[in-house]
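A short worksheet on the structure shown next.
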Amino acid sequence: MKESFPIAPKHPKEITQHDRTRIDNYFWMRYKEDPEVLKYLHAESDYLEEVMQRTKPLQEGIFLEMKGRIKEDDASVPEKDGGYFYYTRYEAGKQYPLYCRKKDSNDASEEVLLDQNAIAEGKNFCRIGAFRVSPDTTKLAYSIDPDGSEICVLQIKDLATGELLADKITNTFGSVYNHAGVEWMSDGKSFIYMTLDAAQRAYSVHRHVLGTDPATDVLLYEESDETFSLWLLKSRSDAYIQLFSRSTVTNEWRILPTDGSSDNFKVFQPRITGLEYLISHHADQFFIVTNENAQNFKLMVTPIEETTKENWSEVIAHRPDVFIEDLDTFEDFIVLYERRDGFTQIRISDPDSVSNVRYIPFPEPVYAVSTMPNPEFKTDKLRIKYTSLVTPNSVIDYHTLTGKWDVKKVDEIPSGYDASQYESARAYATAPDGTQVPMSIVYKKGMQKDGSNSTLLYGYGSYGFSMEAAFNANRLSLLDRGFVYVISHIRGGSEMGRAWYDNGKMLNKKNTFTDFIACAEQLIKDGYTRKDKLAIMGGSAGGLLVGACLTMRPDLFGAVICDVPFVDVINTMSDASIPLTTLEYDQWGNPDNKEYFDYIMSYSPYDNVQATEYPHTLITTGLNDPRVAYWEPAKFAAKLRELKTNDNLLLLKTNFDAGHAGASGRYDYLKEIAFKFAFLIDRLETKQ
């Protein structure tokens, strides 16, 4: 069947850099105000609907399967903070959570702090950014991202009356990860927040006093270096608000007492190019994790009054086989999150960090573990989340004095799940330079290594983010249809230590792609799959990964999913007005430097599309995406459609109401996953 697919018009633009001229036929797509842009995006969407119409029953079936695996009236495990237990819960049929609390005990009456469903009513997108209750527990500061642009509106709710105060601040930062972005002073009458510049970089910090005009808010700090952005958090001790200026390779912290004894942030240790450090307050000192003369980081300590590095004393020396990723301080114990041989390990000690050292044991050889918020400073428990490729997410209270493992919750799968029906494995691929690249593999028992299995290889490999071997109930819809699912732990992440990251960025970036290709070839060699049954998937910088592998080895894959892919690397990194560009010169390189320009040009997917045969390809984007602008995926799709020489399917799926993370509602999000899975099943000719 030959469908009439859309052809994007060419509006050639000449781009000159480093004495070379490039013609970009699709540069015009970045101008959203041009009617041709939306016309093209909608034409692609219409085409997608046409050719995927026959998979509608499959999409609906997969959606119902995934919906059946979530407990629709679920609730998180309450977390004690002061005199309240805080939690979120869902009601059946509703897209968004309710943010709730109970006073003193789980048996008390419920107080709904925020119903996101009510806020989202009539909207196609709604995300809660910052979320912080005041120290006196009477007010809630929260922000809303209404369209996926990550530009938030900050509001204050009186928890006694339920009314919104007149205080309303626009253009604020609200984290997509952990509700950070605003922190209260201890008086409960003022708070600290961050605003964004024209490139949507968190760059300025202000203090707001309740009841005053935000236009009069005091500017406490402005980050003038465009290669740095800001992050705000309160110490677990509640004694300090900590301001974090960060670039890819350099950090700088400032601290502000929450008791109002100072009106200004104090620099902890002035920035030095290449010096990275984390801080955590405890009693009359700060603990510091730093990379100074320590590639895998070491632990230091310093007095509160003398925080510059000449006062730091070493507590735990650098270890070449152990990477210190993070630390948490509690009143009676210290926690280090380390990574050894690709896995997280949790080290607990007395407050001096060297006495009574113990590690939390984990029940499986291949697993993933992460820390929960743990807001209480005075406690004898550490709450963690444990999972594996075959074990559903479990919330655990680890008793630090006795070693007791107290399971508070295991994610329920209402439609049923039998872990004994699935198997996981660890395997390795050999990269071109001889490096052994780990892979985590899961499949349904009975799988035969005869090369006939549909296989999905997933990867990321950027920013030092490690891909964990974690459970995902949605994945069962593939495994139950005979898929093998593989996570590649390629360079560019930090699974195997900091050197693993350093060897997958800047002028080493192509190691990330060749590692991934080596994983694909190893899976074929080991009999898991064959080329026409092998699919690859990645999002954002992982979209760059699969986009680069698509253009480097189009013969190797049967299907490709590029989610919100960063594929127009040269143009984006050459434009400082685009969000994240200036922050990432130390990640990809600055194309103003000819060495980096030439290197990026050698792998940038958009610049390496050739006239050749390409596998079935699905490319996704969000019209309001501030991290990877919609025009990158759109241009990539247009150029692939122009040059590809076969009839394999090429689809561009645009979410016109969302940003980088896609749909905000839980059911809408499942429908997006169901579409992708249906695409894979259909294109790889897998049993439905």
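We name chains A, B, ... following the order of the structure tokens; residues begin at 1 in each chain, and ligands are numbered from 1 as shown.
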Can you list every residue of segment 10-123 of chain A that has an atom at most 10 Å from segment 606-619 of chain A, with its nearest atom pair and the distance in Å to one decimal, using only C-alpha atoms, ordered by chain then number, as CSV?
residue,atom,partner,partner_atom,distance
A:Arg22,CA,A:Asp607,CA,9.5
A:Asp24,CA,A:Asp607,CA,9.1
A:Leu48,CA,A:Leu618,CA,9.6
Write out as a PyMOL selection string each polymer residue whose atoms come within 9 Å of segment 10-19 of chain A, counting only C-alpha atoms; drop sequence neighbours fewer than 5 positions from it. chain A and resi 24-28+591-594+597
Contacts of Ser204 of chain A within 8 Å, only C-alpha atoms, excl. fewer than 3 positions in-chain, as number ranges by chain: A: 194-196, 219-223, 230
Just write the chosen residues, C-alpha atoms, as a PDB file, in the first residue's frame.
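So the final result, stored in selection_34.pdb, reads:
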ATOM      1  CA  MET A 194      13.710  31.702  40.933  1.00  0.00           C
ATOM      2  CA  THR A 195      12.800  33.351  37.633  1.00  0.00           C
ATOM      3  CA  LEU A 196      13.764  32.597  34.036  1.00  0.00           C
ATOM      4  CA  LEU A 219      16.781  40.385  44.089  1.00  0.00           C
ATOM      5  CA  LEU A 220      19.158  38.193  46.108  1.00  0.00           C
ATOM      6  CA  TYR A 221      21.320  36.844  43.300  1.00  0.00           C
ATOM      7  CA  GLU A 222      21.549  36.936  39.523  1.00  0.00           C
ATOM      8  CA  GLU A 223      23.628  34.417  37.580  1.00  0.00           C
ATOM      9  CA  LEU A 230      20.400  27.829  39.223  1.00  0.00           C
TER      10      LEU A 230
END
Kindly assemble as a tab-separated table a list of the segment 433-507 of chain A residues that lie within 12 Å of segment 298-320 of chain A, each paired with its nearest atom pair and their distance in Å to one decimal, using only C-alpha atoms, sorted first by chain and then by ascending residue number.
residue	atom	partner	partner_atom	distance
A:Met496	CA	A:Pro320	CA	10.6
A:Gly497	CA	A:Pro320	CA	8.5
A:Arg498	CA	A:Pro320	CA	9.6
A:Ala499	CA	A:Pro320	CA	9.7
Please identify all polymer residues within 8 Å of segment 360-363 of chain A, counting only C-alpha atoms, omitting same-chain residues fewer than 5 positions from it, and present them as a PyMOL selection string. chain A and resi 345-348+403
Generate a file of the selected residues that holds N, CA and C atoms, formatted as a PDB file, in the first residue's frame.
ATOM      1  N   GLN A 345      24.986   1.281  45.442  1.00  0.00           N
ATOM      2  CA  GLN A 345      25.052   0.723  46.786  1.00  0.00           C
ATOM      3  C   GLN A 345      24.902   1.863  47.780  1.00  0.00           C
ATOM      4  N   ILE A 346      24.285   1.554  48.922  1.00  0.00           N
ATOM      5  CA  ILE A 346      23.973   2.578  49.914  1.00  0.00           C
ATOM      6  C   ILE A 346      24.789   2.314  51.169  1.00  0.00           C
ATOM      7  N   ARG A 347      25.642   3.279  51.490  1.00  0.00           N
ATOM      8  CA  ARG A 347      26.552   3.187  52.635  1.00  0.00           C
ATOM      9  C   ARG A 347      26.012   4.043  53.776  1.00  0.00           C
ATOM     10  N   ILE A 348      25.844   3.455  54.947  1.00  0.00           N
ATOM     11  CA  ILE A 348      25.343   4.157  56.123  1.00  0.00           C
ATOM     12  C   ILE A 348      26.409   4.128  57.213  1.00  0.00           C
ATOM     13  N   GLY A 403      18.946  -2.835  60.905  1.00  0.00           N
ATOM     14  CA  GLY A 403      19.067  -3.450  59.581  1.00  0.00           C
ATOM     15  C   GLY A 403      17.777  -4.069  59.091  1.00  0.00           C
TER      16      GLY A 403
END
Per-residue DSSP, segment 50-273 of chain A, filtered to strand (DSSP E or B), as a PyMOL selection string: chain A and resi 75+79-81+84-89+98-103+110-115+127-133+139-145+152-158+164-172+182-184+190-196+202-209+218-222+229-234+240-246+251-257+266-267
Residues as selected, C-alpha atoms, written as a JSON list (two decimals), in the first residue's frame, can you do that?
[["chain", "number", "residue", "atom", "x", "y", "z"],
["A", 75, "ALA", "CA", -1.98, 6.29, 46.98],
["A", 79, "GLU", "CA", 5.82, 10.61, 54.40],
["A", 80, "LYS", "CA", 6.15, 12.23, 57.82],
["A", 81, "ASP", "CA", 7.26, 15.86, 57.85],
["A", 84, "TYR", "CA", 1.83, 15.79, 59.31],
["A", 85, "PHE", "CA", 1.91, 12.78, 57.01],
["A", 86, "TYR", "CA", 1.97, 13.88, 53.35],
["A", 87, "TYR", "CA", 0.96, 11.75, 50.38],
["A", 88, "THR", "CA", -0.60, 11.81, 46.94],
["A", 89, "ARG", "CA", -3.49, 9.67, 45.81],
["A", 98, "LEU", "CA", -4.67, 14.81, 44.78],
["A", 99, "TYR", "CA", -2.02, 16.17, 47.16],
["A", 100, "CYS", "CA", -3.10, 15.35, 50.71],
["A", 101, "ARG", "CA", -2.02, 15.18, 54.33],
["A", 102, "LYS", "CA", -3.16, 13.86, 57.68],
["A", 103, "LYS", "CA", -2.20, 15.27, 61.05],
["A", 110, "GLU", "CA", -7.69, 13.71, 55.35],
["A", 111, "GLU", "CA", -6.96, 17.25, 54.24],
["A", 112, "VAL", "CA", -6.73, 17.79, 50.47],
["A", 113, "LEU", "CA", -4.09, 20.44, 49.84],
["A", 114, "LEU", "CA", -4.42, 20.49, 46.07],
["A", 115, "ASP", "CA", -6.61, 18.67, 43.56],
["A", 127, "ARG", "CA", 1.87, 20.06, 35.47],
["A", 128, "ILE", "CA", 2.60, 20.98, 39.07],
["A", 129, "GLY", "CA", 6.06, 22.55, 39.30],
["A", 130, "ALA", "CA", 7.18, 23.78, 42.73],
["A", 131, "PHE", "CA", 5.29, 22.51, 45.79],
["A", 132, "ARG", "CA", 6.26, 23.55, 49.32],
["A", 133, "VAL", "CA", 4.25, 23.84, 52.55],
["A", 139, "LYS", "CA", 0.22, 27.92, 53.58],
["A", 140, "LEU", "CA", 1.15, 26.16, 50.36],
["A", 141, "ALA", "CA", 3.40, 27.63, 47.68],
["A", 142, "TYR", "CA", 2.92, 25.85, 44.38],
["A", 143, "SER", "CA", 3.40, 26.57, 40.70],
["A", 144, "ILE", "CA", 1.63, 25.47, 37.53],
["A", 145, "ASP", "CA", 3.05, 24.80, 34.08],
["A", 152, "CYS", "CA", 5.45, 28.33, 35.71],
["A", 153, "VAL", "CA", 3.03, 30.61, 37.55],
["A", 154, "LEU", "CA", 3.62, 30.61, 41.32],
["A", 155, "GLN", "CA", 0.66, 30.93, 43.71],
["A", 156, "ILE", "CA", 0.03, 30.77, 47.46],
["A", 157, "LYS", "CA", -2.89, 28.92, 49.02],
["A", 158, "ASP", "CA", -4.17, 29.56, 52.54],
["A", 164, "LEU", "CA", -5.68, 31.71, 47.00],
["A", 165, "LEU", "CA", -3.77, 34.76, 48.23],
["A", 166, "ALA", "CA", -3.29, 37.75, 45.96],
["A", 167, "ASP", "CA", 0.42, 36.91, 45.68],
["A", 168, "LYS", "CA", 0.95, 35.60, 42.13],
["A", 169, "ILE", "CA", 4.31, 35.46, 40.39],
["A", 170, "THR", "CA", 4.84, 34.63, 36.72],
["A", 171, "ASN", "CA", 7.85, 33.36, 34.76],
["A", 172, "THR", "CA", 9.12, 31.16, 37.60],
["A", 182, "VAL", "CA", 10.56, 27.65, 45.95],
["A", 183, "GLU", "CA", 11.71, 27.46, 49.59],
["A", 184, "TRP", "CA", 10.24, 29.10, 52.68],
["A", 190, "SER", "CA", 8.45, 35.01, 53.14],
["A", 191, "PHE", "CA", 9.94, 32.62, 50.61],
["A", 192, "ILE", "CA", 12.71, 32.39, 48.01],
["A", 193, "TYR", "CA", 12.02, 31.62, 44.34],
["A", 194, "MET", "CA", 13.71, 31.70, 40.93],
["A", 195, "THR", "CA", 12.80, 33.35, 37.63],
["A", 196, "LEU", "CA", 13.76, 32.60, 34.04],
["A", 202, "ALA", "CA", 16.81, 29.77, 35.87],
["A", 203, "TYR", "CA", 19.03, 32.78, 36.48],
["A", 204, "SER", "CA", 17.71, 35.05, 39.25],
["A", 205, "VAL", "CA", 16.70, 34.50, 42.88],
["A", 206, "HIS", "CA", 14.25, 36.72, 44.75],
["A", 207, "ARG", "CA", 12.70, 36.98, 48.19],
["A", 208, "HIS", "CA", 8.95, 37.58, 48.39],
["A", 209, "VAL", "CA", 7.13, 38.75, 51.52],
["A", 218, "VAL", "CA", 14.26, 41.83, 46.54],
["A", 219, "LEU", "CA", 16.78, 40.39, 44.09],
["A", 220, "LEU", "CA", 19.16, 38.19, 46.11],
["A", 221, "TYR", "CA", 21.32, 36.84, 43.30],
["A", 222, "GLU", "CA", 21.55, 36.94, 39.52],
["A", 229, "SER", "CA", 21.80, 27.79, 35.69],
["A", 230, "LEU", "CA", 20.40, 27.83, 39.22],
["A", 231, "TRP", "CA", 18.80, 25.26, 41.52],
["A", 232, "LEU", "CA", 17.27, 25.89, 44.94],
["A", 233, "LEU", "CA", 16.80, 23.54, 47.87],
["A", 234, "LYS", "CA", 16.61, 23.58, 51.65],
["A", 240, "TYR", "CA", 19.84, 26.76, 55.32],
["A", 241, "ILE", "CA", 18.46, 27.50, 51.90],
["A", 242, "GLN", "CA", 21.10, 26.31, 49.46],
["A", 243, "LEU", "CA", 21.52, 27.88, 46.03],
["A", 244, "PHE", "CA", 23.30, 25.78, 43.45],
["A", 245, "SER", "CA", 24.93, 27.37, 40.35],
["A", 246, "ARG", "CA", 25.75, 24.59, 37.95],
["A", 251, "ASN", "CA", 29.61, 23.96, 40.52],
["A", 252, "GLU", "CA", 29.22, 26.75, 43.02],
["A", 253, "TRP", "CA", 27.02, 26.82, 46.13],
["A", 254, "ARG", "CA", 25.64, 29.67, 48.22],
["A", 255, "ILE", "CA", 23.94, 29.35, 51.59],
["A", 256, "LEU", "CA", 21.34, 31.51, 53.33],
["A", 257, "PRO", "CA", 20.24, 30.92, 56.96],
["A", 266, "LYS", "CA", 27.12, 33.51, 51.26],
["A", 267, "VAL", "CA", 29.38, 31.85, 48.69]]
How many Å separate atom CA of Glu60 of chain A from atom CA of Lys671 of chain A?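 Separation of atom CA of Glu60 of chain A and atom CA of Lys671 of chain A: 8.0 Å.
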Residue list (alpha helix (DSSP H), DSSP) for segment 480-564 of chain A, as a ChimeraX atom specification: /A:498-502,510-525,541-552
Next, write the just-selected residues to a file, as a compact mmCIF listing (two decimals), in the first residue's frame, keeping C-alpha atoms as the atom set.
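The file below, part.txt, is the result:
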# COMPACT_ATOMS: atom_id res chain seq x y z
CA ARG A 498 32.77 9.04 36.27
CA ALA A 499 35.22 7.98 33.54
CA TRP A 500 32.27 6.27 31.84
CA TYR A 501 30.64 9.68 31.52
CA ASP A 502 33.80 11.56 30.54
CA LYS A 510 30.82 9.11 19.29
CA ASN A 511 31.74 6.38 21.82
CA THR A 512 28.11 6.59 22.95
CA PHE A 513 26.87 5.71 19.47
CA THR A 514 29.41 3.02 18.69
CA ASP A 515 28.75 1.42 22.10
CA PHE A 516 25.06 1.25 21.24
CA ILE A 517 25.74 -0.20 17.80
CA ALA A 518 28.01 -2.80 19.44
CA CYS A 519 25.13 -3.75 21.77
CA ALA A 520 22.81 -4.19 18.78
CA GLU A 521 25.34 -6.36 16.96
CA GLN A 522 25.96 -8.45 20.09
CA LEU A 523 22.25 -9.15 20.52
CA ILE A 524 22.15 -10.44 16.94
CA LYS A 525 25.33 -12.46 17.42
CA ALA A 541 19.53 13.07 24.19
CA GLY A 542 18.59 9.41 23.77
CA GLY A 543 16.82 10.56 20.61
CA LEU A 544 20.17 11.93 19.47
CA LEU A 545 21.60 8.49 20.23
CA VAL A 546 19.13 6.55 18.09
CA GLY A 547 19.11 9.29 15.45
CA ALA A 548 22.88 9.07 15.12
CA CYS A 549 22.78 5.28 15.00
CA LEU A 550 20.01 5.48 12.39
CA THR A 551 22.20 7.60 10.11
CA MET A 552 25.40 5.68 10.88
Report the distance between atom CA of Met601 of chain A and atom CA of Gly459 of chain A in Å, rounded to one decimal place.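 Calculated distance between atom CA of Met601 of chain A and atom CA of Gly459 of chain A is 21.6 Å.
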A:Tyr398, A:Tyr603, A:Phe483, A:Tyr585 ranked by distance to Glu226 of chain A, top pick (using only C-alpha atoms): A:Tyr585
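Atom pair atom CA of Ser664 of chain A / atom CA of Ala120 of chain A has a distance of 9.8 Å (rounded to one decimal).
The nearest approach to Phe323 of chain A among the residues A:Ala294, A:Ile600, A:Leu456, A:Leu278, with only C-alpha atoms taken into account, belongs to A:Ala294.
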Shell of 7 Å around Ala658 of chain A, only C-alpha atoms, local chain residues under 3 positions omitted, as a list in words: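 Non-adjacent residues within range: Phe125, Asp147, Gly148, Gly622, Leu623, Asn624, Asp625, Asn655, Gly662 and Ala663 of chain A.
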